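J.: Supplied structure: protein-v2.cif, mmCIF, C-alpha atoms.
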data_structure
loop_
_atom_site.label_atom_id
_atom_site.label_comp_id
_atom_site.auth_asym_id
_atom_site.auth_seq_id
_atom_site.Cartn_x
_atom_site.Cartn_y
_atom_site.Cartn_z
CA MET A 1 -92.31 -34.57 30.95
CA GLN A 2 -93.39 -37.96 32.27
CA TYR A 3 -91.17 -39.68 29.67
CA VAL A 4 -88.03 -37.62 30.31
CA ILE A 5 -86.98 -39.29 33.57
CA PRO A 6 -87.27 -42.89 32.24
CA VAL A 7 -85.38 -41.93 29.07
CA LEU A 8 -82.62 -40.26 31.07
CA LEU A 9 -82.50 -43.30 33.37
CA PHE A 10 -82.10 -45.74 30.48
CA ALA A 11 -79.53 -43.47 28.85
CA GLY A 12 -77.58 -43.31 32.08
CA LEU A 13 -77.67 -47.10 32.47
CA ALA A 14 -76.52 -47.58 28.88
CA LEU A 15 -73.66 -45.18 29.42
CA LEU A 16 -72.67 -46.95 32.63
CA ALA A 17 -72.81 -50.34 30.92
CA GLY A 18 -70.62 -49.05 28.10
CA VAL A 19 -68.06 -47.69 30.54
CA LEU A 20 -68.01 -50.96 32.51
CA LEU A 21 -67.60 -53.06 29.34
CA SER A 22 -64.75 -50.85 28.22
CA VAL A 23 -63.04 -51.17 31.60
CA PHE A 24 -63.53 -54.95 31.72
CA SER A 25 -62.23 -55.36 28.16
CA LYS A 26 -59.05 -53.54 29.20
CA VAL A 27 -58.63 -55.37 32.51
CA PHE A 28 -59.36 -58.88 31.23
CA ALA A 29 -57.94 -58.51 27.72
CA VAL A 30 -55.75 -61.38 26.52
CA GLU A 31 -52.87 -59.90 24.61
CA GLN A 32 -52.07 -61.64 21.33
CA ASP A 33 -48.48 -62.12 20.35
CA GLU A 34 -47.94 -59.77 17.41
CA ARG A 35 -46.02 -62.50 15.61
CA ILE A 36 -49.16 -64.64 15.15
CA PRO A 37 -50.80 -62.33 12.56
CA MET A 38 -47.40 -61.89 10.90
CA VAL A 39 -47.05 -65.66 10.48
CA ARG A 40 -50.67 -65.95 9.36
CA GLU A 41 -50.07 -63.30 6.71
CA ALA A 42 -47.21 -65.37 5.31
CA LEU A 43 -49.46 -68.40 4.70
CA PRO A 44 -51.42 -68.96 1.46
CA GLY A 45 -54.76 -69.36 3.25
CA ALA A 46 -55.65 -72.71 1.71
CA ASN A 47 -56.53 -74.28 5.09
CA CYS A 48 -55.61 -77.61 3.52
CA GLY A 49 -54.20 -79.21 6.68
CA ALA A 50 -50.94 -80.28 5.02
CA CYS A 51 -49.08 -78.75 7.97
CA GLY A 52 -50.83 -81.14 10.35
CA TYR A 53 -53.05 -78.48 11.92
CA ALA A 54 -56.73 -77.62 11.48
CA GLY A 55 -55.97 -74.64 9.25
CA CYS A 56 -53.71 -71.65 8.68
CA ASP A 57 -54.85 -69.88 11.85
CA ALA A 58 -54.13 -72.93 14.00
CA TYR A 59 -50.74 -73.43 12.36
CA ALA A 60 -49.74 -69.78 12.84
CA GLU A 61 -50.63 -70.00 16.52
CA ALA A 62 -48.73 -73.28 16.89
CA VAL A 63 -45.61 -71.79 15.30
CA VAL A 64 -45.55 -68.92 17.78
CA LYS A 65 -46.84 -70.64 20.91
CA SER A 66 -45.74 -74.25 20.54
CA GLY A 67 -42.63 -74.06 18.38
CA ALA A 68 -44.21 -75.85 15.41
CA LYS A 69 -41.96 -76.56 12.45
CA LEU A 70 -41.52 -73.43 10.33
CA THR A 71 -41.36 -75.35 7.06
CA ALA A 72 -44.59 -77.34 7.47
CA CYS A 73 -46.62 -75.28 4.98
CA VAL A 74 -46.12 -77.30 1.81
CA PRO A 75 -48.35 -75.18 -0.48
CA GLY A 76 -46.59 -72.01 0.65
CA GLY A 77 -43.20 -73.57 -0.02
CA THR A 78 -39.88 -71.86 0.61
CA ALA A 79 -41.36 -68.38 0.08
CA ALA A 80 -43.82 -68.83 2.96
CA ALA A 81 -41.15 -70.44 5.16
CA LYS A 82 -38.86 -67.47 4.58
CA LYS A 83 -41.54 -65.00 5.68
CA ILE A 84 -42.40 -67.14 8.71
CA GLY A 85 -38.73 -67.24 9.62
CA GLU A 86 -38.53 -63.46 9.35
CA ALA A 87 -41.53 -63.11 11.65
CA MET A 88 -39.89 -65.44 14.17
CA GLY A 89 -36.44 -63.92 13.77
CA VAL A 90 -34.76 -67.10 12.51
CA ASP A 91 -33.76 -68.71 9.22
CA ALA A 92 -36.45 -71.29 8.40
CA GLY A 93 -34.51 -72.96 5.60
CA PRO A 94 -35.86 -74.40 2.33
CA VAL A 95 -39.01 -76.48 1.90
CA ALA A 96 -38.92 -79.58 -0.27
CA VAL A 97 -41.14 -79.26 -3.33
CA MET A 98 -43.84 -81.92 -3.08
CA LYS A 99 -46.08 -83.27 -5.83
CA ALA A 100 -48.92 -85.80 -5.96
CA VAL A 101 -48.84 -88.90 -8.13
CA VAL A 102 -51.72 -91.20 -9.04
CA ARG A 103 -50.68 -94.83 -8.74
CA CYS A 104 -53.06 -96.18 -11.34
CA ASN A 105 -52.81 -96.68 -15.07
CA GLY A 106 -56.20 -98.33 -15.56
CA VAL A 107 -57.60 -96.06 -18.25
CA CYS A 108 -60.79 -96.77 -20.17
CA GLY A 109 -60.32 -99.90 -22.23
CA ALA A 110 -57.59 -101.25 -19.98
CA VAL A 111 -60.01 -102.15 -17.19
CA THR A 112 -63.58 -103.36 -17.61
CA ASP A 113 -66.57 -102.67 -15.37
CA LYS A 114 -68.23 -105.31 -13.21
CA TYR A 115 -71.58 -103.53 -13.26
CA ASP A 116 -73.27 -100.29 -14.29
CA TYR A 117 -73.00 -97.97 -11.32
CA GLN A 118 -75.96 -95.57 -10.99
CA GLY A 119 -75.29 -94.13 -7.54
CA ALA A 120 -73.82 -90.85 -6.32
CA ALA A 121 -70.93 -89.49 -8.35
CA SER A 122 -68.41 -90.25 -5.62
CA CYS A 123 -65.54 -92.69 -5.40
CA ALA A 124 -66.26 -93.28 -1.71
CA ALA A 125 -69.90 -94.08 -2.47
CA SER A 126 -69.05 -96.37 -5.38
CA ASN A 127 -66.43 -98.15 -3.29
CA MET A 128 -69.12 -99.23 -0.84
CA PHE A 129 -70.65 -101.49 -3.51
CA TYR A 130 -68.36 -104.49 -4.04
CA SER A 131 -65.23 -102.26 -3.86
CA GLY A 132 -66.30 -100.21 -6.84
CA LYS A 133 -67.56 -100.92 -10.32
CA LYS A 134 -64.21 -101.76 -11.92
CA THR A 135 -62.83 -105.27 -12.13
CA CYS A 136 -59.59 -104.09 -10.53
CA THR A 137 -60.56 -103.25 -6.96
CA ALA A 138 -57.18 -101.58 -6.36
CA GLY A 139 -57.57 -99.03 -9.15
CA CYS A 140 -58.91 -95.53 -9.68
CA LEU A 141 -62.70 -95.35 -9.58
CA GLY A 142 -62.66 -92.21 -11.70
CA LEU A 143 -65.52 -90.33 -10.03
CA GLY A 144 -63.42 -87.40 -8.88
CA ASP A 145 -63.38 -87.26 -5.07
CA CYS A 146 -59.78 -86.06 -5.38
CA VAL A 147 -60.79 -83.44 -7.95
CA ALA A 148 -63.48 -82.09 -5.64
CA VAL A 149 -61.10 -81.44 -2.74
CA CYS A 150 -58.23 -79.93 -4.71
CA GLN A 151 -58.26 -76.17 -4.15
CA PHE A 152 -55.65 -75.50 -6.82
CA GLY A 153 -57.31 -77.09 -9.87
CA ALA A 154 -54.44 -79.55 -10.18
CA LEU A 155 -56.55 -82.68 -10.67
CA SER A 156 -58.89 -83.85 -13.39
CA ILE A 157 -60.38 -87.10 -14.63
CA LYS A 158 -59.08 -88.16 -18.04
CA ASP A 159 -59.97 -91.41 -19.73
CA GLY A 160 -61.46 -92.71 -16.49
CA VAL A 161 -58.42 -92.06 -14.28
CA ALA A 162 -57.36 -89.13 -12.08
CA VAL A 163 -54.52 -87.08 -13.57
CA VAL A 164 -52.29 -84.58 -11.74
CA ASP A 165 -51.19 -81.32 -13.34
CA ARG A 166 -47.75 -81.06 -11.74
CA GLU A 167 -47.47 -77.38 -12.59
CA LEU A 168 -50.54 -76.58 -10.49
CA CYS A 169 -50.02 -79.17 -7.76
CA THR A 170 -48.78 -77.72 -4.46
CA GLY A 171 -48.35 -81.07 -2.71
CA CYS A 172 -50.89 -80.24 -0.01
CA GLY A 173 -52.06 -83.86 0.18
CA ALA A 174 -55.82 -83.19 0.29
CA CYS A 175 -56.34 -85.51 -2.69
CA ALA A 176 -54.45 -88.34 -1.01
CA LYS A 177 -56.78 -88.15 1.99
CA ALA A 178 -59.87 -88.16 -0.23
CA CYS A 179 -59.03 -91.26 -2.29
CA PRO A 180 -60.76 -94.34 -0.82
CA ASN A 181 -58.23 -96.66 -2.47
CA GLY A 182 -55.19 -94.69 -1.36
CA LEU A 183 -53.93 -94.29 -4.91
CA LEU A 184 -52.57 -90.80 -4.57
CA GLU A 185 -49.25 -90.27 -2.87
CA VAL A 186 -47.43 -87.02 -2.23
CA PHE A 187 -43.65 -87.09 -2.32
CA ASP A 188 -40.55 -85.09 -3.22
CA ALA A 189 -40.89 -83.72 -6.74
CA ALA A 190 -37.27 -84.71 -7.38
CA ARG A 191 -38.38 -88.31 -7.83
CA ALA A 192 -38.15 -89.03 -11.54
CA VAL A 193 -39.52 -92.57 -11.99
CA GLU A 194 -42.56 -94.21 -10.45
CA VAL A 195 -44.73 -97.31 -10.79
CA VAL A 196 -48.25 -96.11 -11.55
CA CYS A 197 -50.05 -99.22 -10.37
CA SER A 198 -51.22 -100.25 -6.91
CA SER A 199 -52.27 -103.83 -7.59
CA HIS A 200 -50.74 -106.61 -5.52
CA PHE A 201 -52.70 -109.34 -7.24
CA ASN A 202 -50.72 -112.12 -8.87
CA ALA A 203 -49.95 -112.01 -12.60
CA LYS A 204 -52.87 -114.24 -13.63
CA GLU A 205 -55.42 -112.17 -11.72
CA THR A 206 -53.96 -108.85 -12.89
CA ILE A 207 -53.99 -109.90 -16.56
CA LYS A 208 -57.69 -110.71 -16.22
CA MET A 209 -58.47 -107.36 -14.62
CA CYS A 210 -56.21 -104.82 -16.30
CA LYS A 211 -54.20 -104.60 -19.49
CA MET A 212 -51.79 -102.10 -17.96
CA GLY A 213 -51.32 -103.38 -14.40
CA CYS A 214 -48.04 -104.60 -12.94
CA ILE A 215 -47.72 -108.39 -13.24
CA GLY A 216 -44.44 -108.72 -11.32
CA CYS A 217 -42.58 -110.08 -14.34
CA ARG A 218 -39.26 -108.72 -13.01
CA LYS A 219 -38.13 -107.39 -16.41
CA CYS A 220 -37.61 -104.01 -14.77
CA GLU A 221 -35.63 -105.62 -11.99
CA ARG A 222 -33.34 -107.46 -14.39
CA THR A 223 -32.84 -104.39 -16.57
CA CYS A 224 -32.04 -101.78 -13.92
CA PRO A 225 -28.26 -101.10 -13.81
CA SER A 226 -28.52 -99.54 -10.34
CA ASP A 227 -30.42 -102.31 -8.54
CA ALA A 228 -33.06 -99.65 -7.83
CA ILE A 229 -36.25 -101.58 -8.56
CA HIS A 230 -37.51 -104.87 -7.15
CA VAL A 231 -40.72 -106.86 -7.26
CA ILE A 232 -42.23 -107.07 -3.78
CA ASP A 233 -45.55 -108.83 -3.19
CA ASN A 234 -46.27 -109.12 -6.95
CA HIS A 235 -45.57 -105.41 -7.42
CA ALA A 236 -42.57 -103.44 -8.70
CA VAL A 237 -41.19 -100.94 -6.17
CA VAL A 238 -38.61 -98.23 -6.91
CA ASP A 239 -35.82 -97.50 -4.44
CA HIS A 240 -35.47 -93.77 -5.01
CA GLU A 241 -32.21 -93.59 -3.09
CA LYS A 242 -30.61 -95.73 -5.79
CA CYS A 243 -32.61 -94.64 -8.84
CA THR A 244 -30.64 -92.59 -11.38
CA ALA A 245 -33.64 -91.98 -13.68
CA CYS A 246 -31.88 -93.71 -16.55
CA GLY A 247 -35.24 -94.95 -17.85
CA ALA A 248 -34.17 -98.55 -18.43
CA CYS A 249 -37.08 -99.93 -16.39
CA VAL A 250 -39.53 -97.65 -18.20
CA GLU A 251 -38.45 -99.08 -21.54
CA ALA A 252 -38.40 -102.66 -20.27
CA CYS A 253 -41.89 -102.72 -18.73
CA PRO A 254 -44.21 -104.66 -21.07
CA ARG A 255 -47.29 -103.25 -19.35
CA LYS A 256 -46.19 -99.60 -19.52
CA CYS A 257 -46.94 -99.05 -15.84
CA ILE A 258 -43.53 -97.57 -15.01
CA VAL A 259 -43.28 -93.96 -16.10
CA LYS A 260 -40.94 -91.01 -16.01
CA LEU A 261 -42.48 -88.11 -14.13
CA SER A 262 -42.18 -84.79 -15.91
#
Could you write out this structure as C-alpha cells?
T.:
Amino acid sequence: MQYVIPVLLFAGLALLAGVLLSVFSKVFAVEQDERIPMVREALPGANCGACGYAGCDAYAEAVVKSGAKLTACVPGGTAAAKKIGEAMGVDAGPVAVMKAVVRCNGVCGAVTDKYDYQGAASCAASNMFYSGKKTCTAGCLGLGDCVAVCQFGALSIKDGVAVVDRELCTGCGACAKACPNGLLEVFDAARAVEVVCSSHFNAKETIKMCKMGCIGCRKCERTCPSDAIHVIDNHAVVDHEKCTACGACVEACPRKCIVKLS
C-alpha cells in the first residue's frame, strides 16, 4: 500500500505533462504550407545543389516562401518543373537540358608525368604538389574527384582523363565544383562543337607538354565558314551563337582537340 500513492502521483504527473504538451503543440504549432511537401515530392532527391540551395528541402521551401525559380532543378528537368508548376498553380515552362563536358584531351601518352605521385588518390591532393604530377598543369589529373561526387554514375576515368557519359549526365554541376583545375563545364546540351583543352600556354610550351593540346594555330579560325571560332589568349574559343556544327573546324584541327559532342 505504501507504494500505491507514489505510483498514482507519478502517473498523474505524467498524464498532466502529456496533456500540457498536447495543448502547447496545438497552441504554438507552426503550420506548414501544404505546397512545400508537394514541391519536395516533385524533386529527384539528389540534393546536388544545382538549384543554388543547400538541398531539395531548402529549394522546395524557397519556391513556396521566397518565389524561387521553378525551373532551377536541372537534374529533374522539365518533368520536375511541370510538377512544381502544378503544385504552385502556374505553368513553369521547359528546362534547358544541361550536360557536362571535360575540357581536356590529355590522355595517357599525350601528356607525360613530372614525377611519380604516391599520395592520396585525389585530384585536389595531387594538385597541391607542384600543380599536379602531369607536365600540363592545366589538364585533367585523372584521380577521379569528379567521379566521386557524381550521384548518377555519369563520370569515369578512361586513359587518364575524366569522361562524361552524356546519357547519364543530368547537368547537376557537382563535378564542375569538384575539379581543382576547373576543367568541367556544364552547358546547354544543344551545343554541338567544343574545344576540349583548357591550356592557355603558347604553342611552344604546349607542344612540349601535350601532344593534343591547342596551340592556337588558327587553322580552325581560317576554316570556319561562320566566323564562329577564334583564337583568344593562345586558345581556340567557339562562339556558339554563330556555330552551325558544320564540323569544318573539327576536321581542320591538327591536334584533334576540337570535337563534335554526341
J.: Given the choices A:Val90, A:Cys140, A:Val107, A:Cys210, which gets closest to Leu184 (chain A) if the distance is worked out from all atoms listed in the file?
T.: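 Under the stated criterion, the closest residue is A:Cys140.
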J.: Listing only residues of region 140-224 of chain A within 7 Å of region 39-58 of chain A, what is the closest atom pair and its distance in Å (to one decimal) for each, using all atoms listed in the file, sorted by chain and residue number ascending, as a tab-separated table?
T.:
residue	atom	partner	partner_atom	distance
A:Cys172	CA	A:Ala50	CA	5.0
A:Gly173	CA	A:Ala50	CA	6.1
A:Ala174	CA	A:Cys48	CA	6.5
J.: Considering only C-alpha atoms, can you say which of A:Asn105, A:Thr78, A:Asn234, A:Gln118 comes closest to Cys257 (chain A)?
T.: A:Asn105
J.: Dig up all the protein and nucleic acid residues within 9 Å of (-43.3, -89.4, -16.0) in the file frame, using all atoms listed in the file, and format them as a PyMOL selection string.
T.: chain A and resi 192-194+258-262
J.: On this structure, which residues satisfy the PyMOL selection byres ((chain A and resi 135) around 7), written as a list in words?
T.: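 Selection result, ordered by chain and number: Val111, Thr112, Asp113, Lys114, Lys133, Lys134, Cys136, Thr137 and Met209 of chain A.
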J.: For Gly109 (chain A), find every residue with an atom within 10 Å (counting only C-alpha atoms), except residues of its own chain fewer than 5 positions away, and show them as a list of chain:residue names.
T.: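 The neighbour list is A:Asp159, A:Gly160, A:Cys210, A:Lys211, A:Met212.
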J.: Output the selection as a PDB file, in the coordinates of the input - C-alpha atoms for each residue.
T.:
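Saved result, selection26.pdb, follows:
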ATOM      1  CA  ASP A 159     -59.970 -91.410 -19.730  1.00  0.00           C
ATOM      2  CA  GLY A 160     -61.460 -92.710 -16.490  1.00  0.00           C
ATOM      3  CA  CYS A 210     -56.210-104.820 -16.300  1.00  0.00           C
ATOM      4  CA  LYS A 211     -54.200-104.600 -19.490  1.00  0.00           C
ATOM      5  CA  MET A 212     -51.790-102.100 -17.960  1.00  0.00           C
TER       6      MET A 212
END
J.: Exactly which residues make up the result of the PyMOL selection byres ((chain A and resi 74) around 8) on this file, given as a count of residues only?
T.: 15
J.: Of the candidates A:Gly85, A:Gly142, A:Gly132, A:Gly93, which shows the shortest atom-to-atom distance to Arg35 (chain A), using all atoms listed in the file?
T.: A:Gly85
J.: I'd like to see the residues matched by the PyMOL selection byres ((chain A and resi 240) around 9) on this file, and ideally I'd get them as a list in words.
T.: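 So the PyMOL selection byres ((chain A and resi 240) around 9), applied here, picks out Arg191, Ala192, Val193, Glu194, Ala228, Ile229, Val238, Asp239, Glu241, Lys242, Cys243 and Thr244 of chain A.
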J.: Would you write out those residues with C-alpha atoms, as a PDB file, keeping the file's coordinate frame?
T.:
ATOM      1  CA  ARG A 191     -38.380 -88.310  -7.830  1.00  0.00           C
ATOM      2  CA  ALA A 192     -38.150 -89.030 -11.540  1.00  0.00           C
ATOM      3  CA  VAL A 193     -39.520 -92.570 -11.990  1.00  0.00           C
ATOM      4  CA  GLU A 194     -42.560 -94.210 -10.450  1.00  0.00           C
ATOM      5  CA  ALA A 228     -33.060 -99.650  -7.830  1.00  0.00           C
ATOM      6  CA  ILE A 229     -36.250-101.580  -8.560  1.00  0.00           C
ATOM      7  CA  VAL A 238     -38.610 -98.230  -6.910  1.00  0.00           C
ATOM      8  CA  ASP A 239     -35.820 -97.500  -4.440  1.00  0.00           C
ATOM      9  CA  GLU A 241     -32.210 -93.590  -3.090  1.00  0.00           C
ATOM     10  CA  LYS A 242     -30.610 -95.730  -5.790  1.00  0.00           C
ATOM     11  CA  CYS A 243     -32.610 -94.640  -8.840  1.00  0.00           C
ATOM     12  CA  THR A 244     -30.640 -92.590 -11.380  1.00  0.00           C
TER      13      THR A 244
END
J.: Between A:His230, A:Arg103, A:His200, A:Lys158, single out the one closest to Ala176 (chain A), counting all atoms listed in the file.
T.: A:Arg103
J.: Hey, can you check how far CA of Ala79 (chain A) sits from CA of Cys179 (chain A)?
T.: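 Answer for the CA of Ala79 (chain A) to CA of Cys179 (chain A) separation: 29.0 Å.
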J.: Identify the residues around (-56.8, -98.1, -11.5) within a radius of 7 Å, measuring from only C-alpha atoms in the coordinates stated by the file, and give them as a PyMOL selection string.
T.: chain A and resi 104-106+136+138-141+161+197
J.: Those residues with C-alpha atoms, as a compact mmCIF listing (two decimals), keeping the file's coordinate frame please?
T.:
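out-v2.txt, freshly written:
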# COMPACT_ATOMS: atom_id res chain seq x y z
CA CYS A 104 -53.06 -96.18 -11.34
CA ASN A 105 -52.81 -96.68 -15.07
CA GLY A 106 -56.20 -98.33 -15.56
CA CYS A 136 -59.59 -104.09 -10.53
CA ALA A 138 -57.18 -101.58 -6.36
CA GLY A 139 -57.57 -99.03 -9.15
CA CYS A 140 -58.91 -95.53 -9.68
CA LEU A 141 -62.70 -95.35 -9.58
CA VAL A 161 -58.42 -92.06 -14.28
CA CYS A 197 -50.05 -99.22 -10.37
